[in-house]
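File shown: run-v6.cif (mmCIF, C-alpha atoms).
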```cif
data_final
loop_
_atom_site.label_atom_id
_atom_site.label_comp_id
_atom_site.auth_asym_id
_atom_site.auth_seq_id
_atom_site.Cartn_x
_atom_site.Cartn_y
_atom_site.Cartn_z
CA MET Y 1302 11.47 5.27 -9.90
CA LYS Y 1303 11.07 1.51 -9.61
CA TYR Y 1304 13.10 -0.52 -7.13
CA THR Y 1305 14.02 -4.18 -7.55
CA SER Y 1306 12.60 -6.58 -5.00
CA SER Y 1307 15.18 -7.97 -2.60
CA THR Y 1308 13.91 -11.46 -3.47
CA THR Y 1309 15.39 -11.10 -6.95
CA ALA Y 1310 18.46 -8.99 -6.20
CA VAL Y 1311 20.68 -8.43 -3.17
CA PRO Y 1312 20.30 -4.82 -1.98
CA ASP Y 1313 22.87 -2.81 -0.05
CA ALA Y 1314 22.72 -2.93 3.75
CA PRO Y 1315 23.45 0.67 4.78
CA ALA Y 1316 24.66 1.47 8.31
CA VAL Y 1317 21.77 3.89 8.73
CA PRO Y 1318 18.55 2.25 7.55
CA ARG Y 1319 17.47 3.90 4.34
CA HIS Y 1320 13.81 3.07 4.99
CA VAL Y 1321 12.21 2.69 8.43
CA ALA Y 1322 8.63 1.39 8.77
CA ILE Y 1323 6.71 1.68 12.05
CA ILE Y 1324 3.50 0.27 13.53
CA MET Y 1325 2.67 2.88 16.17
CA ASP Y 1326 0.91 0.66 18.70
CA GLY Y 1327 -0.17 1.32 22.27
CA ASN Y 1328 -1.84 4.74 22.15
CA GLY Y 1329 -5.06 3.51 23.74
CA ARG Y 1330 -3.30 1.44 26.40
CA TRP Y 1331 -1.03 4.37 27.23
CA ALA Y 1332 -4.13 6.49 27.92
CA THR Y 1333 -5.98 3.76 29.82
CA LYS Y 1334 -3.04 3.30 32.21
CA ARG Y 1335 -3.35 7.00 33.02
CA PHE Y 1336 -7.16 6.86 33.44
CA LEU Y 1337 -7.55 9.05 30.34
CA PRO Y 1338 -9.87 8.57 27.35
CA ARG Y 1339 -8.26 6.57 24.53
CA VAL Y 1340 -8.27 9.62 22.25
CA ALA Y 1341 -5.80 11.31 24.62
CA GLY Y 1342 -3.33 8.58 23.69
CA HIS Y 1343 -3.85 9.23 20.00
CA VAL Y 1344 -3.28 12.96 20.51
CA LYS Y 1345 -0.08 12.23 22.42
CA GLY Y 1346 0.89 9.80 19.67
CA VAL Y 1347 0.87 12.61 17.09
CA GLU Y 1348 3.54 14.36 19.17
CA ALA Y 1349 5.65 11.19 19.05
CA VAL Y 1350 5.29 11.11 15.26
CA ARG Y 1351 6.64 14.65 15.07
CA THR Y 1352 9.62 13.71 17.26
CA VAL Y 1353 10.46 10.61 15.22
CA VAL Y 1354 10.08 12.39 11.86
CA GLU Y 1355 12.55 15.06 12.96
CA ALA Y 1356 14.98 12.50 14.41
CA CYS Y 1357 14.89 10.28 11.32
CA ALA Y 1358 15.55 13.24 9.04
CA ARG Y 1359 18.55 14.29 11.15
CA ARG Y 1360 19.96 10.75 11.08
CA GLY Y 1361 19.81 10.49 7.31
CA VAL Y 1362 16.84 8.13 6.96
CA GLU Y 1363 15.45 8.69 3.47
CA TYR Y 1364 12.02 7.05 3.87
CA LEU Y 1365 9.88 6.82 6.99
CA THR Y 1366 6.58 4.93 6.76
CA VAL Y 1367 4.05 4.89 9.61
CA PHE Y 1368 0.90 2.78 9.95
CA ALA Y 1369 -1.69 5.34 11.05
CA PHE Y 1370 -4.97 3.56 10.36
CA SER Y 1371 -5.39 0.02 9.09
CA SER Y 1372 -8.30 -1.33 7.07
CA GLU Y 1373 -9.17 -3.39 10.17
CA ASN Y 1374 -9.39 -0.29 12.41
CA TRP Y 1375 -12.89 0.45 11.09
CA ARG Y 1376 -13.98 -2.30 13.51
CA ARG Y 1377 -13.19 -0.09 16.47
CA PRO Y 1378 -15.98 1.78 18.31
CA GLU Y 1379 -17.63 4.34 16.03
CA GLU Y 1380 -16.81 7.21 18.39
CA GLU Y 1381 -13.10 6.35 18.39
CA VAL Y 1382 -13.00 6.07 14.58
CA SER Y 1383 -14.71 9.46 14.27
CA LEU Y 1384 -12.18 11.02 16.65
CA LEU Y 1385 -9.30 9.48 14.70
CA MET Y 1386 -10.63 10.99 11.48
CA ARG Y 1387 -10.85 14.42 13.11
CA LEU Y 1388 -7.35 14.01 14.47
CA PHE Y 1389 -6.09 13.17 10.98
CA VAL Y 1390 -7.60 16.40 9.65
CA THR Y 1391 -6.09 18.42 12.51
CA ALA Y 1392 -2.67 16.86 11.99
CA LEU Y 1393 -2.74 17.73 8.29
CA GLU Y 1394 -3.74 21.31 9.10
CA ARG Y 1395 -0.92 21.74 11.62
CA GLU Y 1396 1.94 19.64 10.28
CA VAL Y 1397 2.06 19.95 6.49
CA SER Y 1398 3.60 23.43 6.47
CA LYS Y 1399 6.26 22.24 8.94
CA LEU Y 1400 7.06 19.22 6.76
CA HIS Y 1401 7.33 21.47 3.73
CA ALA Y 1402 9.59 23.95 5.54
CA ASN Y 1403 11.90 21.04 6.41
CA ASN Y 1404 12.04 19.74 2.81
CA ILE Y 1405 10.07 16.57 3.68
CA ARG Y 1406 7.71 15.00 1.16
CA LEU Y 1407 4.39 13.59 2.39
CA LYS Y 1408 2.66 10.62 0.81
CA VAL Y 1409 -0.57 8.99 2.02
CA VAL Y 1410 -1.24 5.47 0.76
CA GLY Y 1411 -4.19 3.14 1.18
CA ASP Y 1412 -7.77 2.86 -0.02
CA LEU Y 1413 -8.70 6.51 0.44
CA SER Y 1414 -12.14 6.12 -1.12
CA ARG Y 1415 -13.71 5.51 2.29
CA PHE Y 1416 -12.60 8.88 3.64
CA ASP Y 1417 -14.86 11.91 3.22
CA ALA Y 1418 -14.31 14.42 0.42
CA LYS Y 1419 -12.77 17.06 2.71
CA LEU Y 1420 -10.09 14.69 4.01
CA ARG Y 1421 -9.30 13.37 0.54
CA ALA Y 1422 -8.90 16.94 -0.74
CA MET Y 1423 -6.59 17.82 2.16
CA ILE Y 1424 -4.45 14.77 1.47
CA ALA Y 1425 -4.18 15.62 -2.23
CA SER Y 1426 -3.28 19.23 -1.42
CA ALA Y 1427 -0.60 18.17 1.08
CA GLU Y 1428 0.95 15.75 -1.41
CA ARG Y 1429 1.03 18.42 -4.13
CA LYS Y 1430 2.58 21.00 -1.80
CA THR Y 1431 5.41 18.72 -0.70
CA ALA Y 1432 5.92 16.76 -3.95
CA ALA Y 1433 9.28 18.31 -4.85
CA ASN Y 1434 10.84 17.95 -1.39
CA THR Y 1435 13.92 15.74 -1.24
CA ARG Y 1436 15.27 15.46 2.32
CA MET Y 1437 13.01 12.57 3.36
CA THR Y 1438 9.72 10.98 2.31
CA LEU Y 1439 7.18 10.46 5.08
CA THR Y 1440 4.50 7.96 4.08
CA VAL Y 1441 1.33 7.67 6.15
CA CYS Y 1442 -0.53 4.40 5.59
CA ALA Y 1443 -4.23 5.13 6.10
CA ASN Y 1444 -7.04 2.63 5.51
CA TYR Y 1445 -4.19 0.44 4.36
CA GLY Y 1446 -3.79 -3.33 4.45
CA GLY Y 1447 -1.01 -5.45 3.01
CA ARG Y 1448 -3.44 -7.89 1.39
CA TRP Y 1449 -5.39 -4.98 -0.13
CA ASP Y 1450 -2.12 -3.63 -1.51
CA ILE Y 1451 -1.16 -6.92 -3.16
CA MET Y 1452 -4.63 -7.49 -4.59
CA GLN Y 1453 -4.95 -3.99 -6.05
CA ALA Y 1454 -1.48 -4.37 -7.56
CA VAL Y 1455 -2.40 -7.73 -9.07
CA GLY Y 1456 -5.53 -6.19 -10.59
CA LYS Y 1457 -3.54 -3.38 -12.19
CA MET Y 1458 -0.85 -5.77 -13.40
CA VAL Y 1459 -3.38 -8.06 -15.09
CA ALA Y 1460 -5.06 -5.07 -16.72
CA THR Y 1461 -1.67 -3.87 -17.98
CA HIS Y 1462 -0.83 -7.28 -19.49
CA PRO Y 1463 -4.11 -8.57 -20.97
CA GLY Y 1464 -4.03 -12.20 -21.95
CA ALA Y 1465 -0.82 -13.00 -20.07
CA ALA Y 1466 -0.80 -16.31 -18.17
CA GLU Y 1467 2.40 -15.82 -16.18
CA PHE Y 1468 3.77 -12.80 -14.33
CA THR Y 1469 7.00 -11.80 -12.61
CA GLU Y 1470 7.78 -9.82 -9.47
CA GLU Y 1471 9.17 -7.08 -11.70
CA GLN Y 1472 5.78 -6.76 -13.42
CA LEU Y 1473 3.92 -6.55 -10.11
CA ALA Y 1474 6.26 -4.17 -8.27
CA PRO Y 1475 5.35 -0.93 -10.12
CA HIS Y 1476 1.69 -1.34 -9.08
CA LEU Y 1477 2.26 -1.67 -5.33
CA ALA Y 1478 1.15 1.36 -3.32
CA MET Y 1479 4.74 2.21 -2.37
CA ALA Y 1480 6.48 1.49 -5.66
CA TYR Y 1481 8.30 4.83 -5.25
CA ALA Y 1482 10.25 3.57 -2.20
CA PRO Y 1483 12.83 0.86 -1.53
CA GLU Y 1484 11.75 -2.00 0.71
CA PRO Y 1485 12.15 -1.19 4.43
CA ASP Y 1486 15.48 -1.97 6.07
CA LEU Y 1487 14.07 -1.72 9.59
CA PHE Y 1488 10.56 -2.41 10.90
CA ILE Y 1489 9.63 -1.20 14.39
CA ARG Y 1490 6.51 -2.13 16.34
CA THR Y 1491 5.79 -0.52 19.69
CA GLY Y 1492 3.36 -1.62 22.38
CA GLY Y 1493 4.61 -5.15 23.05
CA GLU Y 1494 2.88 -7.07 20.25
CA GLN Y 1495 5.12 -9.16 18.00
CA ARG Y 1496 3.37 -9.41 14.65
CA ILE Y 1497 3.19 -7.34 11.46
CA SER Y 1498 -0.63 -7.11 11.38
CA ASN Y 1499 -1.23 -6.96 7.62
CA PHE Y 1500 1.30 -4.13 7.17
CA LEU Y 1501 3.49 -4.05 4.02
CA LEU Y 1502 3.25 -7.82 3.59
CA TRP Y 1503 5.11 -7.84 0.28
CA GLN Y 1504 7.68 -5.23 1.20
CA LEU Y 1505 8.77 -6.68 4.58
CA ALA Y 1506 10.10 -9.95 3.12
CA TYR Y 1507 13.71 -9.28 4.15
CA THR Y 1508 13.28 -6.44 6.63
CA GLU Y 1509 14.92 -6.55 10.07
CA LEU Y 1510 12.21 -6.63 12.75
CA PHE Y 1511 12.40 -4.77 16.08
CA PHE Y 1512 9.73 -5.08 18.77
CA THR Y 1513 9.55 -2.99 21.94
CA GLU Y 1514 7.26 -2.95 24.98
CA THR Y 1515 7.27 0.86 24.89
CA TYR Y 1516 3.88 2.37 24.05
CA TRP Y 1517 3.99 4.67 21.04
CA PRO Y 1518 3.38 7.96 22.96
CA ASP Y 1519 6.51 7.18 25.02
CA PHE Y 1520 8.65 6.28 21.98
CA SER Y 1521 11.50 8.78 22.13
CA ILE Y 1522 14.67 9.69 20.26
CA ASP Y 1523 16.53 7.27 22.55
CA SER Y 1524 14.01 4.56 21.62
CA LEU Y 1525 14.64 5.19 17.94
CA ASP Y 1526 18.39 5.07 18.44
CA ALA Y 1527 18.05 1.74 20.29
CA ALA Y 1528 16.13 0.30 17.34
CA ILE Y 1529 18.72 1.56 14.86
CA ALA Y 1530 21.55 0.18 17.04
CA SER Y 1531 19.83 -3.23 17.04
CA TYR Y 1532 19.60 -3.07 13.24
CA GLN Y 1533 23.29 -2.16 12.98
CA ASN Y 1534 24.29 -5.21 15.04
CA ARG Y 1535 22.61 -7.66 12.66
CA GLU Y 1536 24.17 -9.51 9.76
CA ARG Y 1537 21.97 -9.01 6.72
CA ARG Y 1538 22.73 -12.03 4.55
CA PHE Y 1539 19.79 -12.14 2.09
CA GLY Y 1540 20.28 -15.88 1.63
CA ARG Y 1541 24.07 -15.79 1.57
CA THR Y 1542 26.43 -17.24 4.20
CA GLY Y 1543 28.40 -15.25 6.73
CA ALA Y 1544 31.60 -16.35 4.96
CA GLN Y 1545 30.36 -14.83 1.71
CA LEU Y 1546 29.69 -11.53 3.45
CA ALA Y 1547 33.14 -11.56 5.02
CA GLU Y 1548 34.66 -12.17 1.57
CA LYS Y 1549 32.75 -9.24 0.12
CA THR Y 1550 33.93 -6.80 2.81
CA SER Y 1551 37.55 -8.01 3.00
#
```
With the file now loaded, output its structure as C-alpha cells.
Amino acid sequence: MKYTSSTTAVPDAPAVPRHVAIIMDGNGRWATKRFLPRVAGHVKGVEAVRTVVEACARRGVEYLTVFAFSSENWRRPEEEVSLLMRLFVTALEREVSKLHANNIRLKVVGDLSRFDAKLRAMIASAERKTAANTRMTLTVCANYGGRWDIMQAVGKMVATHPGAAEFTEEQLAPHLAMAYAPEPDLFIRTGGEQRISNFLLWQLAYTELFFTETYWPDFSIDSLDAAIASYQNRERRFGRTGAQLAEKTS
C-alpha cells in the first residue's frame, strides 16, 4: 500500500499516534555511568525495546520504527560493532516467536548487504514468519541512513521512468525503504541529544519531535506515555492556521 506524502496532502492527526519512530540513544552512557562495559547498556536496551513494543501495541499504535544501527555506527570501535551484531542475532533468536505470538509484523530496513549471510538469512526468515500479522508493524532500521534511503529510492525511480526529466513526490514515494508505512506522527529521541541524525529524513518532514534526557535503557512505559501526552497537546496544522483547524472541528 502506498501512502501520500504529507507535503502534498493533509493527513489525519489521530489522538494516538499511528506511527511512532524512535532513536534509542544513550545505551553506552547508561552503562558508563554504572562503571559497566558499553555492551551492558545495549543488552539492557533490548529489554527497553521489548517494553516499548508491548506498550505501543496495547495503546493502539499501528507502526513502531526503531533506529537500531545507523550506517555511521560502523565507525565505532570494532569490538563494539561485533558485539552489536551478535546481540542482533540473539535478539532475533529470542524475540521473533514472541512478536509472532502477539500478531506483530517485523520488518528490517536498511542496506543489509554489509551483514553476514547468517544474519541476513535470519532477518528474511523473521520477516516471512510474521508477514501476515496485523496488530502492529515493528520496523528495525539497521545499517540505515536517511540519505542512503533517498538516494536508493531516486535510483529506482529513475530506472522505473527511463528518459524522464522531471519527477514527482508520488513517483519517488513507492521506492523509499518504508513505503509500506505512513509517515511518523511522533518522533522520540532519548539520551539528551536534539537532532535526527540522518534518520528518516524524507519521512519526518511534518512529524512532531520529542526529546528526553532519559537514557534508552531507562525509557519506561511512563516515559512513552509522557511523549504521547506531549504529542496530544500539540496543534498539528500542516501549513494551515489555527482558525482553519477550529473551523474544521466545529
Expanded to explicit residues, what is the PyMOL selection byres ((chain Y and resi 1330) around 12) for this file, as a ChimeraX atom specification? /Y:1325-1329,1331-1343,1345-1346,1491-1493,1514-1519
So for segment 1517-1536 of chain Y, what box centre and size do we get, axis-aligned, 5 Å extra on each of the six sides, every listed atom, Å to one decimal, as JSON?
```
{"center_x": 13.8, "center_y": 0.1, "center_z": 17.4, "size_x": 30.9, "size_y": 29.2, "size_z": 25.3}
```
Between Y:Met1437, Y:Ile1323, Y:Ala1427, Y:Ala1478, single out the one closest to Val1410 of chain Y, counting only C-alpha atoms. Y:Ala1478
Give me the residues within 12 Å of segment 1522-1524 of chain Y as number ranges by chain, counting all atoms listed in the file and dropping any in the same chain fewer than 2 places off. Y: 1349-1360, 1489-1491, 1511-1520, 1526-1531
One decimal, Å: what's the distance from atom CA of Gly1456 of chain Y over to atom CA of Leu1365 of chain Y, could you say?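 Separation of atom CA of Gly1456 of chain Y and atom CA of Leu1365 of chain Y: 26.8 Å.
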Atom CA of Ile1324 of chain Y to atom CA of Arg1535 of chain Y, distance in Å rounded to a single decimal: 20.7 Å
Residue among Y:Glu1379, Y:Asp1486, Y:Phe1370, Y:Asp1417 lying closest to Val1321 of chain Y, counting only C-alpha atoms: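 That would be Y:Asp1486, the residue with the smallest distance to Val1321 of chain Y.
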Could you list, as a list in words, every residue within 12 Å of Arg1421 of chain Y, counting all atoms listed in the file and ignoring same-chain residues fewer than 6 positions away?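 Returned residues: Met1386, Phe1389, Val1390, Leu1393, Val1409, Val1410, Gly1411, Asp1412, Leu1413, Ser1414, Arg1415, Ala1427, Glu1428 and Ala1443 of chain Y.
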Selected residue of minimal separation from Gly1361 of chain Y among Y:Leu1384, Y:Ala1316, Y:Leu1505, Y:Ala1402, counting only C-alpha atoms: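 Selected residue with least distance to Gly1361 of chain Y: Y:Ala1316.
Rounded to one decimal, atom CA of Ile1405 of chain Y and atom CA of Val1362 of chain Y lie 11.3 Å from each other.
Here the question is which of Y:Ala1322, Y:Val1382, Y:Met1458, Y:Ala1422 gets nearest to Leu1501 of chain Y using all atoms listed in the file, and that residue is Y:Ala1322.
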Shell around Val1455 of chain Y at 10 Å using only C-alpha atoms, local window under 4 positions removed, as a ChimeraX atom specification: /Y:1449-1451,1459-1461,1468,1472-1474,1476-1477
Given the file above and the PyMOL selection byres ((chain Y and resi 1432) around 9), which residues are selected, and can you give them as a compact mmCIF listing (two decimals) with C-alpha atoms, keeping the file's coordinate frame?
```
# COMPACT_ATOMS: atom_id res chain seq x y z
CA ILE Y 1405 10.07 16.57 3.68
CA ARG Y 1406 7.71 15.00 1.16
CA LEU Y 1407 4.39 13.59 2.39
CA LYS Y 1408 2.66 10.62 0.81
CA ALA Y 1427 -0.60 18.17 1.08
CA GLU Y 1428 0.95 15.75 -1.41
CA ARG Y 1429 1.03 18.42 -4.13
CA LYS Y 1430 2.58 21.00 -1.80
CA THR Y 1431 5.41 18.72 -0.70
CA ALA Y 1433 9.28 18.31 -4.85
CA ASN Y 1434 10.84 17.95 -1.39
CA THR Y 1435 13.92 15.74 -1.24
```
